[in-house]
file run-v6.pdb (PDB, C-alpha atoms, pLDDT in the B column)
ATOM      1  CA  MET D 631     -24.701 -22.408 -28.738  1.00 49.00           C
ATOM      2  CA  ARG D 632     -26.176 -19.279 -27.163  1.00 50.00           C
ATOM      3  CA  ARG D 633     -26.097 -20.819 -23.671  1.00 48.00           C
ATOM      4  CA  ARG D 634     -22.410 -21.699 -24.075  1.00 48.00           C
ATOM      5  CA  GLN D 635     -21.588 -18.090 -25.062  1.00 46.00           C
ATOM      6  CA  LEU D 636     -23.443 -16.768 -22.000  1.00 41.00           C
ATOM      7  CA  LEU D 637     -21.556 -19.153 -19.697  1.00 43.00           C
ATOM      8  CA  LEU D 638     -18.254 -18.113 -21.242  1.00 44.00           C
ATOM      9  CA  LEU D 639     -19.083 -14.408 -20.767  1.00 43.00           C
ATOM     10  CA  ALA D 640     -20.078 -15.067 -17.157  1.00 46.00           C
ATOM     11  CA  ALA D 641     -16.803 -16.882 -16.498  1.00 45.00           C
ATOM     12  CA  VAL D 642     -14.795 -14.033 -18.049  1.00 47.00           C
ATOM     13  CA  GLY D 643     -16.697 -11.502 -15.927  1.00 50.00           C
ATOM     14  CA  MET D 644     -16.034 -13.466 -12.744  1.00 51.00           C
ATOM     15  CA  GLY D 645     -12.334 -13.625 -13.595  1.00 51.00           C
ATOM     16  CA  ALA D 646     -12.161  -9.841 -13.868  1.00 52.00           C
ATOM     17  CA  ARG D 647     -13.622  -9.426 -10.380  1.00 59.00           C
ATOM     18  CA  ALA D 648     -11.149 -11.881  -8.886  1.00 61.00           C
ATOM     19  CA  GLN D 649      -8.164  -9.885 -10.150  1.00 76.00           C
ATOM     20  CA  ALA D 650      -5.325  -9.612  -7.640  1.00 89.00           C
ATOM     21  CA  PRO D 651      -4.724  -6.229  -5.943  1.00 95.00           C
ATOM     22  CA  ARG D 652      -1.999  -4.026  -7.366  1.00 96.00           C
ATOM     23  CA  GLU D 653       1.277  -4.380  -5.451  1.00 98.00           C
ATOM     24  CA  ILE D 654       3.373  -1.331  -4.576  1.00 98.00           C
ATOM     25  CA  GLU D 655       6.931  -1.682  -3.307  1.00 98.00           C
ATOM     26  CA  ILE D 656       8.156   0.784  -0.673  1.00 98.00           C
ATOM     27  CA  THR D 657      11.600   0.929   0.916  1.00 97.00           C
ATOM     28  CA  ALA D 658      12.164   2.296   4.428  1.00 95.00           C
ATOM     29  CA  GLN D 659      15.622   3.571   5.321  1.00 92.00           C
ATOM     30  CA  ARG D 660      16.817   6.211   7.771  1.00 87.00           C
ATOM     31  CA  PHE D 661      15.245   8.780   7.283  1.00 90.00           C
ATOM     32  CA  ARG D 662      13.003   8.307   4.251  1.00 94.00           C
ATOM     33  CA  PHE D 663      10.459   6.178   2.482  1.00 96.00           C
ATOM     34  CA  THR D 664      11.030   5.541  -1.220  1.00 97.00           C
ATOM     35  CA  PRO D 665       8.811   6.408  -2.951  1.00 98.00           C
ATOM     36  CA  ASN D 666       7.271   8.906  -0.567  1.00 97.00           C
ATOM     37  CA  VAL D 667       4.519  10.145  -2.923  1.00 98.00           C
ATOM     38  CA  ILE D 668       2.315   7.324  -4.186  1.00 98.00           C
ATOM     39  CA  PRO D 669      -0.685   7.718  -6.509  1.00 98.00           C
ATOM     40  CA  LEU D 670      -3.737   5.533  -5.778  1.00 97.00           C
ATOM     41  CA  LYS D 671      -7.276   5.289  -7.141  1.00 97.00           C
ATOM     42  CA  ALA D 672     -10.324   5.408  -4.887  1.00 96.00           C
ATOM     43  CA  GLY D 673     -11.833   1.941  -4.580  1.00 95.00           C
ATOM     44  CA  GLU D 674      -8.746   0.169  -5.954  1.00 96.00           C
ATOM     45  CA  PRO D 675      -7.381  -2.499  -3.596  1.00 97.00           C
ATOM     46  CA  VAL D 676      -3.601  -2.399  -3.222  1.00 97.00           C
ATOM     47  CA  VAL D 677      -1.026  -4.302  -1.214  1.00 98.00           C
ATOM     48  CA  LEU D 678       2.000  -2.402   0.019  1.00 98.00           C
ATOM     49  CA  LEU D 679       5.204  -4.448   0.082  1.00 98.00           C
ATOM     50  CA  ILE D 680       7.377  -2.533   2.526  1.00 97.00           C
ATOM     51  CA  ARG D 681      11.008  -3.443   3.181  1.00 97.00           C
ATOM     52  CA  SER D 682      13.237  -1.888   5.831  1.00 95.00           C
ATOM     53  CA  LEU D 683      16.877  -1.766   4.795  1.00 94.00           C
ATOM     54  CA  ASP D 684      18.493  -0.767   8.065  1.00 91.00           C
ATOM     55  CA  PHE D 685      16.422  -0.481  11.231  1.00 88.00           C
ATOM     56  CA  ALA D 686      13.140  -1.477  12.884  1.00 92.00           C
ATOM     57  CA  HIS D 687      10.858   1.259  11.561  1.00 92.00           C
ATOM     58  CA  GLY D 688       7.116   1.721  11.923  1.00 94.00           C
ATOM     59  CA  PHE D 689       4.631   2.461   9.156  1.00 96.00           C
ATOM     60  CA  PHE D 690       1.498   4.347  10.186  1.00 96.00           C
ATOM     61  CA  VAL D 691      -1.389   5.739   8.121  1.00 96.00           C
ATOM     62  CA  PRO D 692      -3.268   7.817  10.733  1.00 96.00           C
ATOM     63  CA  ASP D 693      -6.432   8.513   8.708  1.00 93.00           C
ATOM     64  CA  LEU D 694      -6.955   4.790   8.064  1.00 92.00           C
ATOM     65  CA  LYS D 695      -5.724   3.676  11.512  1.00 94.00           C
ATOM     66  CA  LEU D 696      -3.328   1.242   9.797  1.00 94.00           C
ATOM     67  CA  ARG D 697      -0.042   0.468  11.494  1.00 95.00           C
ATOM     68  CA  THR D 698       2.673  -2.157  11.202  1.00 96.00           C
ATOM     69  CA  ASP D 699       6.250  -2.783  12.288  1.00 96.00           C
ATOM     70  CA  LEU D 700       8.960  -3.005   9.609  1.00 95.00           C
ATOM     71  CA  MET D 701      11.786  -5.360  10.454  1.00 95.00           C
ATOM     72  CA  PRO D 702      15.129  -5.156   8.600  1.00 94.00           C
ATOM     73  CA  GLY D 703      15.478  -7.583   5.714  1.00 90.00           C
ATOM     74  CA  ARG D 704      11.828  -8.631   5.817  1.00 95.00           C
ATOM     75  CA  VAL D 705       9.006  -7.638   3.460  1.00 97.00           C
ATOM     76  CA  THR D 706       5.880  -6.553   5.324  1.00 97.00           C
ATOM     77  CA  ARG D 707       2.578  -6.726   3.447  1.00 97.00           C
ATOM     78  CA  LEU D 708      -0.143  -4.189   4.201  1.00 96.00           C
ATOM     79  CA  ALA D 709      -3.445  -4.232   2.297  1.00 96.00           C
ATOM     80  CA  LEU D 710      -5.580  -1.137   1.869  1.00 94.00           C
ATOM     81  CA  THR D 711      -8.373   0.174  -0.321  1.00 95.00           C
ATOM     82  CA  PRO D 712      -8.749   3.965  -0.197  1.00 95.00           C
ATOM     83  CA  GLN D 713     -12.389   5.006  -0.557  1.00 94.00           C
ATOM     84  CA  VAL D 714     -12.206   8.790  -0.918  1.00 94.00           C
ATOM     85  CA  ALA D 715     -10.140  11.068  -3.154  1.00 96.00           C
ATOM     86  CA  GLY D 716      -7.588  13.270  -1.403  1.00 96.00           C
ATOM     87  CA  GLN D 717      -4.273  12.887   0.385  1.00 97.00           C
ATOM     88  CA  LEU D 718      -3.442  10.303   3.022  1.00 95.00           C
ATOM     89  CA  ALA D 719      -0.289  10.838   5.048  1.00 97.00           C
ATOM     90  CA  PHE D 720       1.972   8.019   6.206  1.00 96.00           C
ATOM     91  CA  LEU D 721       4.933   8.185   8.581  1.00 95.00           C
ATOM     92  CA  CYS D 722       7.489   6.259  10.584  1.00 93.00           C
ATOM     93  CA  ASP D 723       6.252   6.056  14.159  1.00 90.00           C
ATOM     94  CA  SER D 724       9.277   4.256  15.652  1.00 80.00           C
ATOM     95  CA  PHE D 725      12.026   6.668  16.644  1.00 73.00           C
ATOM     96  CA  CYS D 726      15.012   5.921  14.410  1.00 69.00           C
ATOM     97  CA  GLY D 727      17.357   8.800  15.269  1.00 68.00           C
ATOM     98  CA  ASP D 728      17.909  12.454  14.353  1.00 71.00           C
ATOM     99  CA  GLY D 729      15.939  13.043  11.158  1.00 69.00           C
ATOM    100  CA  HIS D 730      13.120  10.697  12.186  1.00 63.00           C
ATOM    101  CA  GLU D 731      10.563  13.517  12.187  1.00 72.00           C
ATOM    102  CA  GLY D 732      10.992  13.936   8.408  1.00 74.00           C
ATOM    103  CA  MET D 733      10.428  10.265   7.584  1.00 90.00           C
ATOM    104  CA  ASP D 734       7.018  10.511   5.998  1.00 95.00           C
ATOM    105  CA  GLY D 735       5.109  10.592   2.750  1.00 97.00           C
ATOM    106  CA  HIS D 736       1.611  10.560   1.354  1.00 96.00           C
ATOM    107  CA  PHE D 737      -0.758   8.780  -0.956  1.00 97.00           C
ATOM    108  CA  ILE D 738      -2.561  10.888  -3.559  1.00 98.00           C
ATOM    109  CA  VAL D 739      -5.954   9.292  -4.115  1.00 97.00           C
ATOM    110  CA  THR D 740      -7.876  10.229  -7.263  1.00 96.00           C
TER     111      THR D 740
END

call {"tool": "encode", "arguments": {"input": "run-v6.pdb", "output": "structure tokens"}}
result
Amino acid sequence: MRRRQLLLLAAVGMGARAQAPREIEITAQRFRFTPNVIPLKAGEPVVLLIRSLDFAHGFFVPDLKLRTDLMPGRVTRLALTPQVAGQLAFLCDSFCGDGHEGMDGHFIVT
């Protein structure tokens, strides 16, 4: 009986480690990201699900050197795991017209 309990506990522990990353939906639209302030936890894996509603935008996180194109009507997946507490900026790096320079946001990592 004891061996069976240990195997069950081991299986439960392995299931916890295999948990899927948290998914965060972001919308890109001239000239904003929604949401544009996103809380994260250091060491927590997340997948960003980013959808452009109107234009081919870019999504760039300079401090992590992560970049992807966002095509209208398509969900783009971007995985990241922040390691250090602080703020990480993100921005549109594809010129999308007057107002482009304000299309940004940040992650707040605790």

call {"tool": "closest_residue", "arguments": {"input": "run-v6.pdb", "among": "D:Thr698, D:Gln717, D:Ser724, D:Thr711", "to": "Ala672 in chain D", "atoms": "all atoms listed in the file"}}
result
D:Thr711

call {"tool": "closest_residue", "arguments": {"input": "run-v6.pdb", "among": "D:Phe725, D:Phe685, D:Phe720, D:Phe737", "to": "Arg697 in chain D", "atoms": "all atoms listed in the file"}}
result
D:Phe720

call {"tool": "residues_near_point", "arguments": {"input": "run-v6.pdb", "point": "(0.9, 8.1, 0.8)", "cutoff": "8 Å", "atoms": "only C-alpha atoms", "output": "ChimeraX atom specification"}}
result
/D:666-669,717-720,735-738

call {"tool": "closest_residue", "arguments": {"input": "run-v6.pdb", "among": "D:Lys671, D:Met733, D:Pro665, D:Thr657", "to": "Pro702 in chain D", "atoms": "only C-alpha atoms"}}
result
D:Thr657

call {"tool": "closest_residue", "arguments": {"input": "run-v6.pdb", "among": "D:Leu721, D:Leu708, D:Leu696, D:Leu683", "to": "Arg652 in chain D", "atoms": "only C-alpha atoms"}}
result
D:Leu708

call {"tool": "atom_distance", "arguments": {"input": "run-v6.pdb", "atom1": "CA of Arg662 in chain D", "atom2": "CA of Lys695 in chain D"}}
result
20.6 Å

call {"tool": "residues_around", "arguments": {"input": "run-v6.pdb", "residues": "Val677 in chain D", "least_positions_apart": "5", "cutoff": "10 Å", "atoms": "all atoms listed in the file", "output": "MDAnalysis selection string"}}
result
chainID D and resid 650:655 706:711

call {"tool": "residues_around", "arguments": {"input": "run-v6.pdb", "residues": "His687 in chain D", "least_positions_apart": "5", "cutoff": "9 Å", "atoms": "all atoms listed in the file", "output": "MDAnalysis selection string"}}
result
chainID D and resid 658:660 682 698:702 722:726

call {"tool": "atom_distance", "arguments": {"input": "run-v6.pdb", "atom1": "CA of Leu670 in chain D", "atom2": "CA of Gln649 in chain D"}}
result
16.6 Å

call {"tool": "decode", "arguments": {"input": "run-v6.pdb", "residues": "range 664-727 of chain D", "atoms": "C-alpha atoms", "output": "short mmCIF file (atom, residue, chain, number, x, y, z; two decimals), in the first residue's frame"}}
result
data_model
loop_
_atom_site.label_atom_id
_atom_site.label_comp_id
_atom_site.auth_asym_id
_atom_site.auth_seq_id
_atom_site.Cartn_x
_atom_site.Cartn_y
_atom_site.Cartn_z
CA THR D 664 -4.77 46.33 -25.42
CA PRO D 665 -3.92 45.71 -22.67
CA ASN D 666 -0.76 47.78 -22.64
CA VAL D 667 0.20 47.11 -19.00
CA ILE D 668 0.52 43.40 -18.25
CA PRO D 669 1.50 41.89 -14.89
CA LEU D 670 3.81 38.84 -14.97
CA LYS D 671 5.66 36.77 -12.37
CA ALA D 672 9.38 36.09 -12.59
CA GLY D 673 9.97 32.50 -13.65
CA GLU D 674 6.39 31.97 -14.85
CA PRO D 675 6.19 30.80 -18.48
CA VAL D 676 3.53 32.61 -20.51
CA VAL D 677 2.36 32.55 -24.10
CA LEU D 678 1.19 35.81 -25.62
CA LEU D 679 -1.68 35.43 -28.09
CA ILE D 680 -1.46 38.62 -30.13
CA ARG D 681 -4.04 39.56 -32.75
CA SER D 682 -3.82 42.51 -35.13
CA LEU D 683 -7.21 43.94 -36.01
CA ASP D 684 -6.26 46.29 -38.81
CA PHE D 685 -2.70 46.40 -40.12
CA ALA D 686 0.60 44.50 -40.27
CA HIS D 687 2.14 45.58 -36.97
CA GLY D 688 5.34 44.45 -35.27
CA PHE D 689 5.73 43.36 -31.66
CA PHE D 690 9.17 43.88 -30.12
CA VAL D 691 10.44 43.35 -26.57
CA PRO D 692 13.91 44.97 -26.75
CA ASP D 693 15.27 43.72 -23.40
CA LEU D 694 14.47 40.10 -24.32
CA LYS D 695 15.37 40.49 -28.02
CA LEU D 696 11.97 39.00 -28.93
CA ARG D 697 10.30 40.16 -32.11
CA THR D 698 7.47 38.98 -34.34
CA ASP D 699 5.24 40.24 -37.14
CA LEU D 700 1.50 40.59 -36.48
CA MET D 701 -0.67 39.96 -39.50
CA PRO D 702 -4.31 41.14 -39.58
CA GLY D 703 -6.84 38.50 -38.63
CA ARG D 704 -4.21 36.03 -37.45
CA VAL D 705 -3.25 35.11 -33.88
CA THR D 706 0.51 35.15 -33.34
CA ARG D 707 1.88 33.12 -30.42
CA LEU D 708 4.97 34.33 -28.58
CA ALA D 709 6.34 32.40 -25.59
CA LEU D 710 8.40 34.07 -22.88
CA THR D 711 9.50 33.48 -19.31
CA PRO D 712 10.69 36.64 -17.55
CA GLN D 713 13.49 35.88 -15.09
CA VAL D 714 13.95 39.17 -13.22
CA ALA D 715 11.51 41.51 -11.48
CA GLY D 716 11.09 44.94 -13.05
CA GLN D 717 9.54 46.47 -16.14
CA LEU D 718 9.93 45.21 -19.69
CA ALA D 719 8.85 47.53 -22.49
CA PHE D 720 7.20 46.33 -25.69
CA LEU D 721 6.40 48.33 -28.82
CA CYS D 722 5.22 48.23 -32.41
CA ASP D 723 8.29 48.37 -34.64
CA SER D 724 6.48 48.48 -38.00
CA PHE D 725 5.49 52.00 -38.98
CA CYS D 726 1.69 52.11 -39.03
CA GLY D 727 1.03 55.83 -39.51
#
